[in-house]
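Text of model-v9.cif (mmCIF, C-alpha atoms and all ligand atoms) as supplied:
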data_work
loop_
_atom_site.label_atom_id
_atom_site.label_comp_id
_atom_site.auth_asym_id
_atom_site.auth_seq_id
_atom_site.Cartn_x
_atom_site.Cartn_y
_atom_site.Cartn_z
CA MET M 16 13.26 -20.60 19.58
CA TYR M 17 10.15 -19.51 21.39
CA GLN M 18 8.19 -16.41 20.52
CA LEU M 19 8.67 -13.58 23.01
CA PRO M 20 5.49 -11.85 24.12
CA ASN M 21 4.80 -8.38 22.87
CA PHE M 22 5.92 -6.14 25.74
CA ARG M 23 5.49 -2.72 24.23
CA PRO M 24 1.85 -1.63 24.11
CA THR M 25 2.29 0.32 20.86
CA LYS M 26 0.91 -1.74 17.99
CA ALA M 27 -0.86 -1.64 14.65
CA VAL M 28 -3.93 -3.86 14.60
CA ILE M 29 -4.76 -5.15 11.12
CA ASP M 30 -8.31 -6.30 10.48
CA LEU M 31 -7.98 -9.00 7.82
CA ALA M 32 -11.76 -9.31 7.61
CA ALA M 33 -11.84 -5.68 6.40
CA ILE M 34 -9.31 -6.54 3.67
CA LYS M 35 -11.44 -9.49 2.58
CA TYR M 36 -14.57 -7.36 2.65
CA ASN M 37 -13.00 -4.69 0.43
CA ILE M 38 -11.98 -7.34 -2.11
CA GLU M 39 -15.36 -9.03 -2.03
CA GLN M 40 -17.03 -5.68 -2.71
CA LEU M 41 -14.67 -5.09 -5.64
CA ARG M 42 -15.44 -8.59 -6.91
CA LYS M 43 -19.16 -7.70 -7.06
CA HIS M 44 -18.40 -4.37 -8.74
CA LEU M 45 -16.28 -5.94 -11.53
CA HIS M 46 -17.50 -7.94 -14.53
CA SER M 47 -17.53 -11.62 -13.61
CA ASN M 48 -14.44 -12.89 -15.43
CA ILE M 49 -11.99 -10.15 -14.35
CA ASP M 50 -8.98 -11.23 -12.29
CA ILE M 51 -7.98 -9.25 -9.22
CA ILE M 52 -4.26 -8.59 -8.78
CA ALA M 53 -3.70 -7.74 -5.12
CA VAL M 54 -0.96 -5.12 -4.85
CA VAL M 55 1.07 -5.98 -1.75
CA LYS M 56 4.26 -4.01 -2.42
CA ALA M 57 6.01 -2.19 0.44
CA ASN M 58 5.01 -4.86 2.95
CA ALA M 59 1.40 -4.52 1.80
CA TYR M 60 1.46 -0.74 2.27
CA GLY M 61 2.78 -1.34 5.78
CA HIS M 62 0.03 -3.83 6.71
CA GLY M 63 2.13 -7.02 6.44
CA ASP M 64 2.72 -8.77 3.10
CA ILE M 65 2.09 -12.44 3.91
CA GLN M 66 -1.02 -11.93 6.02
CA VAL M 67 -2.58 -9.50 3.56
CA ALA M 68 -1.68 -11.66 0.54
CA ASN M 69 -3.29 -14.73 2.11
CA ALA M 70 -6.42 -12.77 3.04
CA ALA M 71 -6.62 -11.32 -0.47
CA LEU M 72 -6.27 -14.74 -2.09
CA GLN M 73 -8.97 -16.18 0.19
CA ALA M 74 -11.27 -13.33 -0.78
CA GLY M 75 -10.86 -13.94 -4.51
CA ALA M 76 -7.65 -12.29 -5.74
CA SER M 77 -5.73 -14.56 -8.11
CA MET M 78 -2.38 -12.79 -8.56
CA LEU M 79 -0.06 -10.75 -6.35
CA ALA M 80 1.99 -7.73 -7.35
CA VAL M 81 5.04 -6.21 -5.67
CA ALA M 82 7.68 -3.65 -6.53
CA THR M 83 11.02 -5.39 -5.99
CA PRO M 84 12.77 -8.79 -6.26
CA GLU M 85 13.20 -8.91 -2.49
CA GLU M 86 9.49 -8.43 -1.94
CA ALA M 87 8.67 -11.15 -4.48
CA LEU M 88 11.11 -13.67 -2.96
CA HIS M 89 9.75 -13.01 0.53
CA LEU M 90 6.21 -13.75 -0.66
CA ARG M 91 7.33 -16.82 -2.57
CA GLU M 92 8.80 -18.34 0.58
CA PHE M 93 5.31 -18.49 2.06
CA ILE M 94 2.97 -18.61 -0.93
CA LYS M 95 3.81 -21.34 -3.41
CA ASN M 96 1.67 -21.41 -6.52
CA THR M 97 0.08 -18.01 -6.98
CA PRO M 98 1.56 -15.84 -9.75
CA ILE M 99 3.64 -12.95 -8.40
CA LEU M 100 4.31 -9.98 -10.68
CA ILE M 101 7.10 -7.48 -10.04
CA LEU M 102 5.78 -4.13 -11.30
CA GLY M 103 9.07 -2.24 -11.21
CA ALA M 104 12.29 -2.53 -13.21
CA SER M 105 14.05 -5.64 -11.92
CA PRO M 106 17.82 -5.93 -12.37
CA VAL M 107 18.79 -8.24 -15.23
CA SER M 108 20.79 -10.31 -12.71
CA PHE M 109 17.52 -11.30 -11.03
CA ALA M 110 16.03 -12.91 -14.17
CA PRO M 111 17.36 -16.47 -13.53
CA TYR M 112 15.92 -16.37 -10.01
CA ALA M 113 12.61 -15.11 -11.31
CA ALA M 114 12.43 -18.05 -13.73
CA GLN M 115 13.36 -20.53 -11.03
CA TYR M 116 10.81 -19.22 -8.50
CA ASN M 117 7.97 -18.58 -10.94
CA ILE M 118 8.09 -14.81 -10.49
CA THR M 119 6.79 -12.75 -13.41
CA LEU M 120 8.91 -9.80 -14.50
CA THR M 121 8.00 -6.54 -16.19
CA VAL M 122 9.68 -5.88 -19.55
CA PHE M 123 10.04 -2.15 -19.89
CA SER M 124 12.70 -1.60 -22.57
CA VAL M 125 14.27 -3.26 -25.59
CA ASP M 126 17.74 -3.05 -24.00
CA TRP M 127 16.60 -4.77 -20.80
CA LEU M 128 15.00 -7.57 -22.78
CA SER M 129 18.06 -8.20 -24.95
CA GLU M 130 20.24 -8.56 -21.83
CA VAL M 131 17.76 -11.01 -20.30
CA ALA M 132 17.39 -12.93 -23.58
CA LYS M 133 21.17 -13.52 -23.67
CA GLN M 134 20.99 -15.49 -20.41
CA ALA M 135 17.68 -17.20 -21.07
CA LYS M 136 19.15 -20.46 -22.38
CA ASN M 137 20.48 -21.08 -18.87
CA PHE M 138 17.10 -20.63 -17.17
CA GLU M 139 15.84 -23.79 -15.49
CA LYS M 140 12.26 -22.91 -16.36
CA PRO M 141 10.71 -20.43 -18.81
CA LEU M 142 10.47 -16.86 -17.55
CA LYS M 143 7.04 -15.18 -17.59
CA LEU M 144 6.93 -11.56 -18.70
CA HIS M 145 4.43 -8.71 -18.71
CA ILE M 146 5.17 -5.92 -21.19
CA LYS M 147 4.88 -2.44 -19.70
CA ILE M 148 3.51 0.34 -21.90
CA ASP M 149 4.32 3.91 -20.92
CA SER M 150 1.10 5.47 -22.20
CA GLY M 151 1.76 8.77 -20.47
CA MET M 152 2.86 8.14 -16.89
CA GLY M 153 6.46 8.82 -17.97
CA ARG M 154 7.97 6.28 -15.56
CA ILE M 155 8.92 2.94 -17.15
CA GLY M 156 7.72 1.15 -20.25
CA VAL M 157 7.89 1.32 -24.03
CA ARG M 158 6.24 4.29 -25.70
CA LYS M 159 6.24 3.45 -29.40
CA GLN M 160 4.66 0.77 -31.52
CA THR M 161 8.00 -0.07 -33.16
CA GLU M 162 9.53 -0.76 -29.73
CA LEU M 163 6.54 -2.83 -28.71
CA ILE M 164 6.67 -4.99 -31.82
CA ALA M 165 10.44 -5.44 -31.42
CA LEU M 166 9.87 -6.61 -27.84
CA TYR M 167 7.06 -8.90 -28.85
CA ASN M 168 9.04 -10.55 -31.63
CA ALA M 169 12.12 -11.00 -29.44
CA ILE M 170 10.08 -12.69 -26.74
CA VAL M 171 8.20 -14.95 -29.15
CA ALA M 172 11.51 -15.97 -30.79
CA ASN M 173 12.92 -17.14 -27.45
CA LYS M 174 11.64 -20.48 -26.13
CA ARG M 175 12.63 -19.67 -22.55
CA LEU M 176 10.55 -16.45 -22.49
CA ILE M 177 6.76 -16.28 -22.27
CA ILE M 178 4.51 -13.26 -22.88
CA ASP M 179 1.96 -13.60 -20.09
CA GLY M 180 0.65 -10.05 -20.06
CA ILE M 181 0.76 -6.44 -21.13
CA PHE M 182 -0.10 -3.44 -18.96
CA THR M 183 0.04 0.27 -18.39
CA HIS M 184 -0.40 2.64 -15.45
CA PHE M 185 -2.57 5.76 -15.25
CA ALA M 186 -1.13 9.01 -13.95
CA SER M 187 -4.40 10.72 -13.09
CA ALA M 188 -7.22 8.19 -12.78
CA ASP M 189 -8.04 9.66 -9.36
CA GLU M 190 -8.58 13.22 -10.63
CA GLU M 191 -11.62 15.06 -11.91
CA ASN M 192 -10.20 16.14 -15.28
CA PRO M 193 -10.42 13.03 -17.51
CA LYS M 194 -8.24 14.34 -20.37
CA GLN M 195 -4.96 12.59 -19.57
CA PHE M 196 -6.75 9.43 -18.48
CA LYS M 197 -8.64 9.21 -21.78
CA GLU M 198 -5.50 9.83 -23.82
CA GLN M 199 -3.60 7.13 -21.93
CA LEU M 200 -6.43 4.65 -22.35
CA ALA M 201 -6.64 5.29 -26.11
CA THR M 202 -2.85 4.97 -26.50
CA PHE M 203 -2.81 1.71 -24.57
CA LYS M 204 -5.71 0.21 -26.50
CA ALA M 205 -4.14 1.08 -29.85
CA LEU M 206 -0.80 -0.46 -28.87
CA VAL M 207 -2.40 -3.65 -27.55
CA ALA M 208 -4.45 -3.92 -30.74
CA SER M 209 -1.26 -3.72 -32.82
CA LEU M 210 0.01 -7.03 -31.41
CA PRO M 211 -0.36 -10.15 -33.59
CA GLU M 212 -1.99 -11.94 -30.65
CA LYS M 213 -3.53 -10.73 -27.38
CA PRO M 214 -1.49 -11.79 -24.32
CA ARG M 215 -3.36 -13.69 -21.60
CA PHE M 216 -3.48 -10.74 -19.16
CA VAL M 217 -4.15 -7.23 -20.40
CA HIS M 218 -4.41 -4.87 -17.41
CA ALA M 219 -4.44 -1.14 -16.80
CA ALA M 220 -6.59 -0.15 -13.84
CA ASN M 221 -5.27 0.75 -10.42
CA THR M 222 -7.69 1.28 -7.52
CA ALA M 223 -8.99 4.63 -8.76
CA ALA M 224 -9.64 3.44 -12.31
CA SER M 225 -11.16 0.14 -11.20
CA LEU M 226 -13.61 1.95 -8.91
CA ILE M 227 -14.70 4.99 -10.92
CA LYS M 228 -13.82 4.50 -14.61
CA ASP M 229 -15.63 2.57 -17.31
CA ASP M 230 -14.07 0.36 -19.94
CA VAL M 231 -10.75 -0.19 -18.12
CA GLN M 232 -11.13 -3.66 -16.64
CA PHE M 233 -9.62 -5.63 -19.57
CA ASP M 234 -8.57 -9.03 -18.10
CA ALA M 235 -7.49 -7.89 -14.65
CA VAL M 236 -7.29 -4.90 -12.30
CA ARG M 237 -4.47 -4.02 -9.92
CA PHE M 238 -6.06 -3.29 -6.59
CA GLY M 239 -3.89 -1.58 -3.99
CA ILE M 240 -4.95 1.25 -1.71
CA ALA M 241 -8.67 0.44 -1.50
CA MET M 242 -7.92 -3.14 -0.48
CA TYR M 243 -6.64 -1.54 2.73
CA GLY M 244 -9.88 0.45 2.99
CA LEU M 245 -8.29 3.76 2.01
CA VAL M 246 -9.55 6.05 -0.73
CA PRO M 247 -6.98 7.23 -3.32
CA SER M 248 -8.20 10.85 -3.45
CA PRO M 249 -11.04 13.16 -2.38
CA TYR M 250 -12.39 13.01 -5.94
CA VAL M 251 -12.64 9.20 -5.83
CA GLU M 252 -14.25 9.46 -2.39
CA LYS M 253 -17.17 11.38 -3.95
CA HIS M 254 -17.74 8.64 -6.54
CA LEU M 255 -17.10 5.46 -4.56
CA PRO M 256 -19.31 2.59 -5.77
CA PHE M 257 -19.24 0.95 -2.32
CA ILE M 258 -18.17 1.66 1.25
CA LEU M 259 -14.60 0.72 2.14
CA LYS M 260 -13.53 -0.60 5.53
CA PRO M 261 -10.16 0.68 6.78
CA ALA M 262 -8.01 -2.26 7.94
CA LEU M 263 -5.41 -0.55 10.11
CA SER M 264 -5.70 0.96 13.55
CA LEU M 265 -2.81 2.24 15.62
CA GLU M 266 -2.90 1.89 19.38
CA SER M 267 -0.80 2.59 22.42
CA GLU M 268 -1.22 3.19 26.15
CA LEU M 269 -0.40 5.82 28.71
CA VAL M 270 2.79 4.74 30.47
CA HIS M 271 3.03 7.78 32.78
CA VAL M 272 0.57 10.42 34.01
CA LYS M 273 1.36 13.56 36.01
CA LYS M 274 -0.02 16.96 36.98
CA ILE M 275 2.03 19.98 35.94
CA GLU M 276 1.69 23.59 37.13
CA ARG M 277 1.10 26.79 35.22
CA GLY M 278 4.40 27.76 33.53
CA ASP M 279 5.81 24.22 33.43
CA THR M 280 6.99 23.07 29.99
CA VAL M 281 6.76 19.79 28.10
CA SER M 282 9.32 18.14 25.78
CA TYR M 283 12.41 19.34 23.88
CA GLY M 284 12.81 23.05 23.50
CA GLY M 285 10.26 23.67 26.22
CA ASN M 286 7.93 25.45 23.84
CA TYR M 287 4.79 23.86 25.19
CA VAL M 288 3.99 25.88 28.32
CA ALA M 289 1.11 24.98 30.62
CA VAL M 290 -1.30 27.90 31.06
CA GLU M 291 -2.95 26.32 34.10
CA GLU M 292 -2.72 23.10 36.12
CA GLU M 293 -2.73 20.35 33.51
CA TRP M 294 -2.73 16.55 33.39
CA ILE M 295 -0.08 15.26 31.00
CA GLY M 296 0.14 11.66 29.77
CA THR M 297 3.17 10.04 28.13
CA MET M 298 2.88 7.40 25.39
CA PRO M 299 5.61 5.08 24.08
CA ILE M 300 5.50 6.08 20.42
CA GLY M 301 7.65 8.59 18.56
CA TYR M 302 9.12 9.54 15.24
CA ALA M 303 11.20 6.36 15.05
CA ASP M 304 7.87 4.53 14.89
CA GLY M 305 6.54 6.77 12.13
CA LEU M 306 4.78 9.28 14.38
CA VAL M 307 6.76 11.98 12.63
CA ARG M 308 7.42 15.35 14.27
CA GLY M 309 5.05 17.05 11.83
CA LEU M 310 2.22 15.33 13.71
CA ALA M 311 2.73 17.49 16.84
CA GLY M 312 -0.69 18.89 17.68
CA GLN M 313 -2.51 15.89 16.15
CA GLU M 314 -5.26 14.51 18.36
CA VAL M 315 -5.54 10.96 19.68
CA LEU M 316 -8.50 9.19 21.30
CA ILE M 317 -8.61 8.36 24.98
CA GLN M 318 -11.85 7.25 26.66
CA GLY M 319 -13.63 8.54 23.55
CA ASN M 320 -12.17 12.06 23.98
CA ARG M 321 -10.08 13.83 21.37
CA VAL M 322 -6.84 14.69 23.15
CA PRO M 323 -3.95 16.69 21.57
CA ILE M 324 -0.29 15.70 21.38
CA VAL M 325 1.56 18.54 23.10
CA GLY M 326 5.20 19.58 22.76
CA ARG M 327 7.64 18.13 20.28
CA ILE M 328 7.35 14.45 19.39
CA CYS M 329 10.48 12.61 20.59
CA MET M 330 12.12 9.61 18.92
CA ASP M 331 10.37 7.04 21.12
CA GLN M 332 7.78 8.90 23.17
CA CYS M 333 5.34 11.78 23.09
CA MET M 334 3.04 13.58 25.47
CA VAL M 335 -0.69 14.34 25.41
CA LYS M 336 -2.75 16.85 27.35
CA LEU M 337 -5.43 14.90 29.24
CA PRO M 338 -8.82 16.37 30.13
CA TYR M 339 -8.49 14.96 33.69
CA ASN M 340 -6.40 12.52 35.69
CA MET M 341 -6.20 9.09 34.09
CA VAL M 342 -4.55 5.81 35.03
CA VAL M 343 -1.36 4.40 33.62
CA GLY M 344 -2.33 1.69 31.14
CA GLU M 345 -5.23 3.70 29.71
CA LYS M 346 -5.67 2.78 26.05
CA VAL M 347 -4.86 5.36 23.37
CA ILE M 348 -6.09 5.16 19.77
CA LEU M 349 -3.93 7.13 17.33
CA ILE M 350 -5.68 5.84 14.20
CA GLY M 351 -9.07 4.15 14.36
CA GLN M 352 -12.31 4.27 16.27
CA GLN M 353 -13.11 4.59 19.96
CA HIS M 354 -16.70 5.03 21.20
CA GLN M 355 -18.30 7.54 18.80
CA GLU M 356 -15.02 9.16 17.73
CA MET M 357 -12.85 8.18 14.77
CA ILE M 358 -9.43 9.31 13.61
CA LYS M 359 -8.96 8.43 9.97
CA ILE M 360 -5.67 8.16 8.12
CA GLU M 361 -6.91 11.13 6.07
CA GLU M 362 -6.59 13.30 9.18
CA TRP M 363 -2.87 12.52 9.38
CA SER M 364 -2.27 12.86 5.63
CA GLU M 365 -3.99 16.26 5.53
CA ARG M 366 -1.96 17.52 8.49
CA LEU M 367 1.22 16.32 6.76
CA HIS M 368 0.16 17.70 3.33
CA THR M 369 0.53 14.28 1.76
CA ILE M 370 -1.61 11.42 0.43
CA VAL M 371 -3.11 8.55 2.44
CA TYR M 372 -0.71 6.08 0.78
CA GLU M 373 2.25 7.51 2.66
CA ILE M 374 0.85 7.09 6.16
CA PRO M 375 0.78 3.28 6.66
CA CYS M 376 4.08 3.04 4.74
CA MET M 377 5.62 5.40 7.33
CA LEU M 378 4.94 3.09 10.27
CA THR M 379 8.31 1.50 10.88
CA SER M 380 9.13 -2.12 11.67
CA ARG M 381 9.37 -1.23 15.36
CA ILE M 382 5.58 -1.21 15.45
CA THR M 383 4.33 -4.76 15.93
CA ARG M 384 1.52 -5.72 13.58
CA ILE M 385 -1.23 -7.72 15.25
CA TYR M 386 -3.84 -9.51 13.12
CA LYS M 387 -7.49 -10.03 13.93
C1 LIG Y 1 1.34 0.71 -6.75
C2 LIG Y 1 0.81 0.37 -8.07
C3 LIG Y 1 -0.54 0.01 -8.21
C4 LIG Y 1 -1.54 0.10 -7.10
O1 LIG Y 1 -2.09 1.40 -7.05
P1 LIG Y 1 -3.32 1.76 -6.09
O2 LIG Y 1 -3.62 3.17 -6.39
O3 LIG Y 1 -2.81 1.56 -4.70
O4 LIG Y 1 -4.41 0.82 -6.42
C5 LIG Y 1 -0.97 -0.43 -9.45
N1 LIG Y 1 -0.11 -0.48 -10.49
C6 LIG Y 1 1.18 -0.11 -10.41
C7 LIG Y 1 2.05 -0.20 -11.60
C8 LIG Y 1 1.68 0.32 -9.19
O5 LIG Y 1 2.96 0.69 -9.11
#

Any chance you could give the structure as structure tokens?
Amino acid sequence: MYQLPNFRPTKAVIDLAAIKYNIEQLRKHLHSNIDIIAVVKANAYGHGDIQVANAALQAGASMLAVATPEEALHLREFIKNTPILILGASPVSFAPYAAQYNITLTVFSVDWLSEVAKQAKNFEKPLKLHIKIDSGMGRIGVRKQTELIALYNAIVANKRLIIDGIFTHFASADEENPKQFKEQLATFKALVASLPEKPRFVHAANTAASLIKDDVQFDAVRFGIAMYGLVPSPYVEKHLPFILKPALSLESELVHVKKIERGDTVSYGGNYVAVEEEWIGTMPIGYADGLVRGLAGQEVLIQGNRVPIVGRICMDQCMVKLPYNMVVGEKVILIGQQHQEMIKIEEWSERLHTIVYEIPCMLTSRITRIYK
């Protein structure tokens, strides 16, 4: 099979040097012996799991984290020896595969563990586990010391199971009010201290905590959103210890340009009506690519100008109002920098009343990812 060229001009360009830079900056910010767990779930937040994982490992990360068995197996096909942790609740039926492929699972309940322990004698290799504490997130994990000790003892009693780590997740590390964060941290510390022996990897911090909180580094931090150069929240933005470099830009081209007359309409429903003679450009990107209809009115960059999307966004195409006649093939930046202008992911997330995390995850597989 030969690789077809990329015909469609719509693409996401991923700057792997930016990813490495963000990790190297984190490395300098952390105490020297702290491991960095690169969070590459959801196809590395839409950036491409294998490429991002390799860049992260080159820049100093030592473990990878994903959300699902499928994500872990996909990484394992390409990345052989690095530990891979599945953060979510894996089905019990996946446990033998996890053991075989050296994938670390999260233990989040006594029931789950007893089901896994029943099969463990058939595992080809020992299964590595990280115990999840629900210190207040209310998602998965054990909440009480009695449950934790029961888990611990059951794992230690089973020769095919290994306690490799223990962790928790903060619900509000990116917010100004520290109350919940402090309570979660205290709960987690007390539970970890109640264990007969400290597991190899104690970890709690996500991006927000690892950047702006003290006393949360333990043995490792789980670094997700800021690895991609995005800031978890406006509050974290105000307290960033170093500049982040966004890794993703989104580009397309004009595939058609025309002049329309006063009164002419553009796109479905005809509710965009030209008030004068206007130049309209068409781009091959639409809601099936992740340019959701809620982004109608959003600006894009062409020749360094901010140019609005006009009319409804279609499934595969959309239209922009040009300041003057332009040629077919003219480059369009939807996210990223052109000349002095910049459209940040924050601009999209604010327009859509959501968080930056959702934006790169929205870009569908139809958008080719190009790496530089
Ligand atoms: C997604 C996730 C992370 C990464 O969070 P960021 O805010 O992107 O750093 C860390 N830990 C857990 C358990 C997660 O699910």

**OP:** Can you work out which one of M:Ser108, M:Thr25, M:Gln195, M:Gln313 has the shortest atom-to-atom distance to M:Gly344, counting all atoms listed in the file?
**Re:** M:Thr25

Original post:
Residues within 6 Å of ligand LIG 1 (chain Y) (all atoms listed in the file), as a PyMOL selection string?
Top reply: chain M and resi 54+102+184+221-222+237-240

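Each of M:Ala186, M:Ala241, M:Ala172, M:Met152 was compared to M:Ala71 using only C-alpha atoms, and M:Ala241 turns out to be the nearest.
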
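Counting from atom CA of M:His354, the distance to atom CA of M:Pro323 is 17.3 Å.
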
**OP:** Determine the nearest neighbour of M:Leu206 from the options M:Ala224, M:Leu306, M:Ile146, M:Val231, counting all atoms listed in the file.
**Re:** M:Ile146

**OP:** Tell me, in Å to one decimal, how far atom CA of M:Asp179 is from atom CA of M:Gln66.
**Re:** 26.3 Å

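If you measure from each of M:Asp126, M:Asp331, M:Glu212, M:Glu345 to M:Ala165 using only C-alpha atoms, the closest one turns out to be M:Asp126.
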
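The residue that comes closest to M:Phe138, out of M:Ala27, M:Ala219, M:Leu19, M:Ala110 and on the basis of only C-alpha atoms, is M:Ala110.
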
Stretch 255-267 of chain M surroundings by all atoms listed in the file, 9 Å radius, close-in-sequence under 6 positions cut, as a PDB file with C-alpha atoms, in the coordinates of the input:
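Output contents, as saved in out.pdb:
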ATOM      1  CA  ARG M  23       5.490  -2.720  24.230  1.00  0.00           C
ATOM      2  CA  PRO M  24       1.850  -1.630  24.110  1.00  0.00           C
ATOM      3  CA  THR M  25       2.290   0.320  20.860  1.00  0.00           C
ATOM      4  CA  LYS M  26       0.910  -1.740  17.990  1.00  0.00           C
ATOM      5  CA  ALA M  27      -0.860  -1.640  14.650  1.00  0.00           C
ATOM      6  CA  VAL M  28      -3.930  -3.860  14.600  1.00  0.00           C
ATOM      7  CA  ILE M  29      -4.760  -5.150  11.120  1.00  0.00           C
ATOM      8  CA  ASP M  30      -8.310  -6.300  10.480  1.00  0.00           C
ATOM      9  CA  LEU M  31      -7.980  -9.000   7.820  1.00  0.00           C
ATOM     10  CA  ALA M  32     -11.760  -9.310   7.610  1.00  0.00           C
ATOM     11  CA  ALA M  33     -11.840  -5.680   6.400  1.00  0.00           C
ATOM     12  CA  ILE M  34      -9.310  -6.540   3.670  1.00  0.00           C
ATOM     13  CA  TYR M  36     -14.570  -7.360   2.650  1.00  0.00           C
ATOM     14  CA  ASN M  37     -13.000  -4.690   0.430  1.00  0.00           C
ATOM     15  CA  GLN M  40     -17.030  -5.680  -2.710  1.00  0.00           C
ATOM     16  CA  LEU M  41     -14.670  -5.090  -5.640  1.00  0.00           C
ATOM     17  CA  HIS M  44     -18.400  -4.370  -8.740  1.00  0.00           C
ATOM     18  CA  HIS M  62       0.030  -3.830   6.710  1.00  0.00           C
ATOM     19  CA  LEU M 226     -13.610   1.950  -8.910  1.00  0.00           C
ATOM     20  CA  ILE M 227     -14.700   4.990 -10.920  1.00  0.00           C
ATOM     21  CA  ALA M 241      -8.670   0.440  -1.500  1.00  0.00           C
ATOM     22  CA  MET M 242      -7.920  -3.140  -0.480  1.00  0.00           C
ATOM     23  CA  TYR M 243      -6.640  -1.540   2.730  1.00  0.00           C
ATOM     24  CA  GLY M 244      -9.880   0.450   2.990  1.00  0.00           C
ATOM     25  CA  LEU M 245      -8.290   3.760   2.010  1.00  0.00           C
ATOM     26  CA  VAL M 246      -9.550   6.050  -0.730  1.00  0.00           C
ATOM     27  CA  MET M 298       2.880   7.400  25.390  1.00  0.00           C
ATOM     28  CA  PRO M 299       5.610   5.080  24.080  1.00  0.00           C
ATOM     29  CA  ILE M 300       5.500   6.080  20.420  1.00  0.00           C
ATOM     30  CA  GLY M 344      -2.330   1.690  31.140  1.00  0.00           C
ATOM     31  CA  GLU M 345      -5.230   3.700  29.710  1.00  0.00           C
ATOM     32  CA  LYS M 346      -5.670   2.780  26.050  1.00  0.00           C
ATOM     33  CA  VAL M 347      -4.860   5.360  23.370  1.00  0.00           C
ATOM     34  CA  ILE M 348      -6.090   5.160  19.770  1.00  0.00           C
ATOM     35  CA  LEU M 349      -3.930   7.130  17.330  1.00  0.00           C
ATOM     36  CA  ILE M 350      -5.680   5.840  14.200  1.00  0.00           C
ATOM     37  CA  GLY M 351      -9.070   4.150  14.360  1.00  0.00           C
ATOM     38  CA  GLN M 352     -12.310   4.270  16.270  1.00  0.00           C
ATOM     39  CA  LYS M 359      -8.960   8.430   9.970  1.00  0.00           C
ATOM     40  CA  ILE M 360      -5.670   8.160   8.120  1.00  0.00           C
ATOM     41  CA  PRO M 375       0.780   3.280   6.660  1.00  0.00           C
TER      42      PRO M 375
END

Centre, edges in Å (one decimal): axis-aligned box, stretch 45-55 of chain M, 6 Å padding on all six sides, as lines of an AutoDock Vina configuration file:
center_x = -8.2
center_y = -9.0
center_z = -8.6
size_x = 30.6
size_y = 19.8
size_z = 25.7

Original post:
What is the distance, in Å and to one decimal place, between atom CA of M:Trp294 and atom CA of M:Glu356?
Top reply: 21.2 Å

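Of the listed residues (M:Val335, M:Ala135, M:Ile177, M:Leu144), M:Leu144 comes nearest to M:Ile99; the distances count only C-alpha atoms.
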
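Residues in contact with M:Ser187 at up to 10 Å, not including ones fewer than 3 positions away on its chain and judged by only C-alpha atoms, are M:Gly151, M:Met152, M:His184, M:Glu190, M:Glu191, M:Asn192, M:Pro193, M:Lys194, M:Gln195, M:Phe196, M:Lys197, M:Gln199, M:Ala223, M:Ala224.
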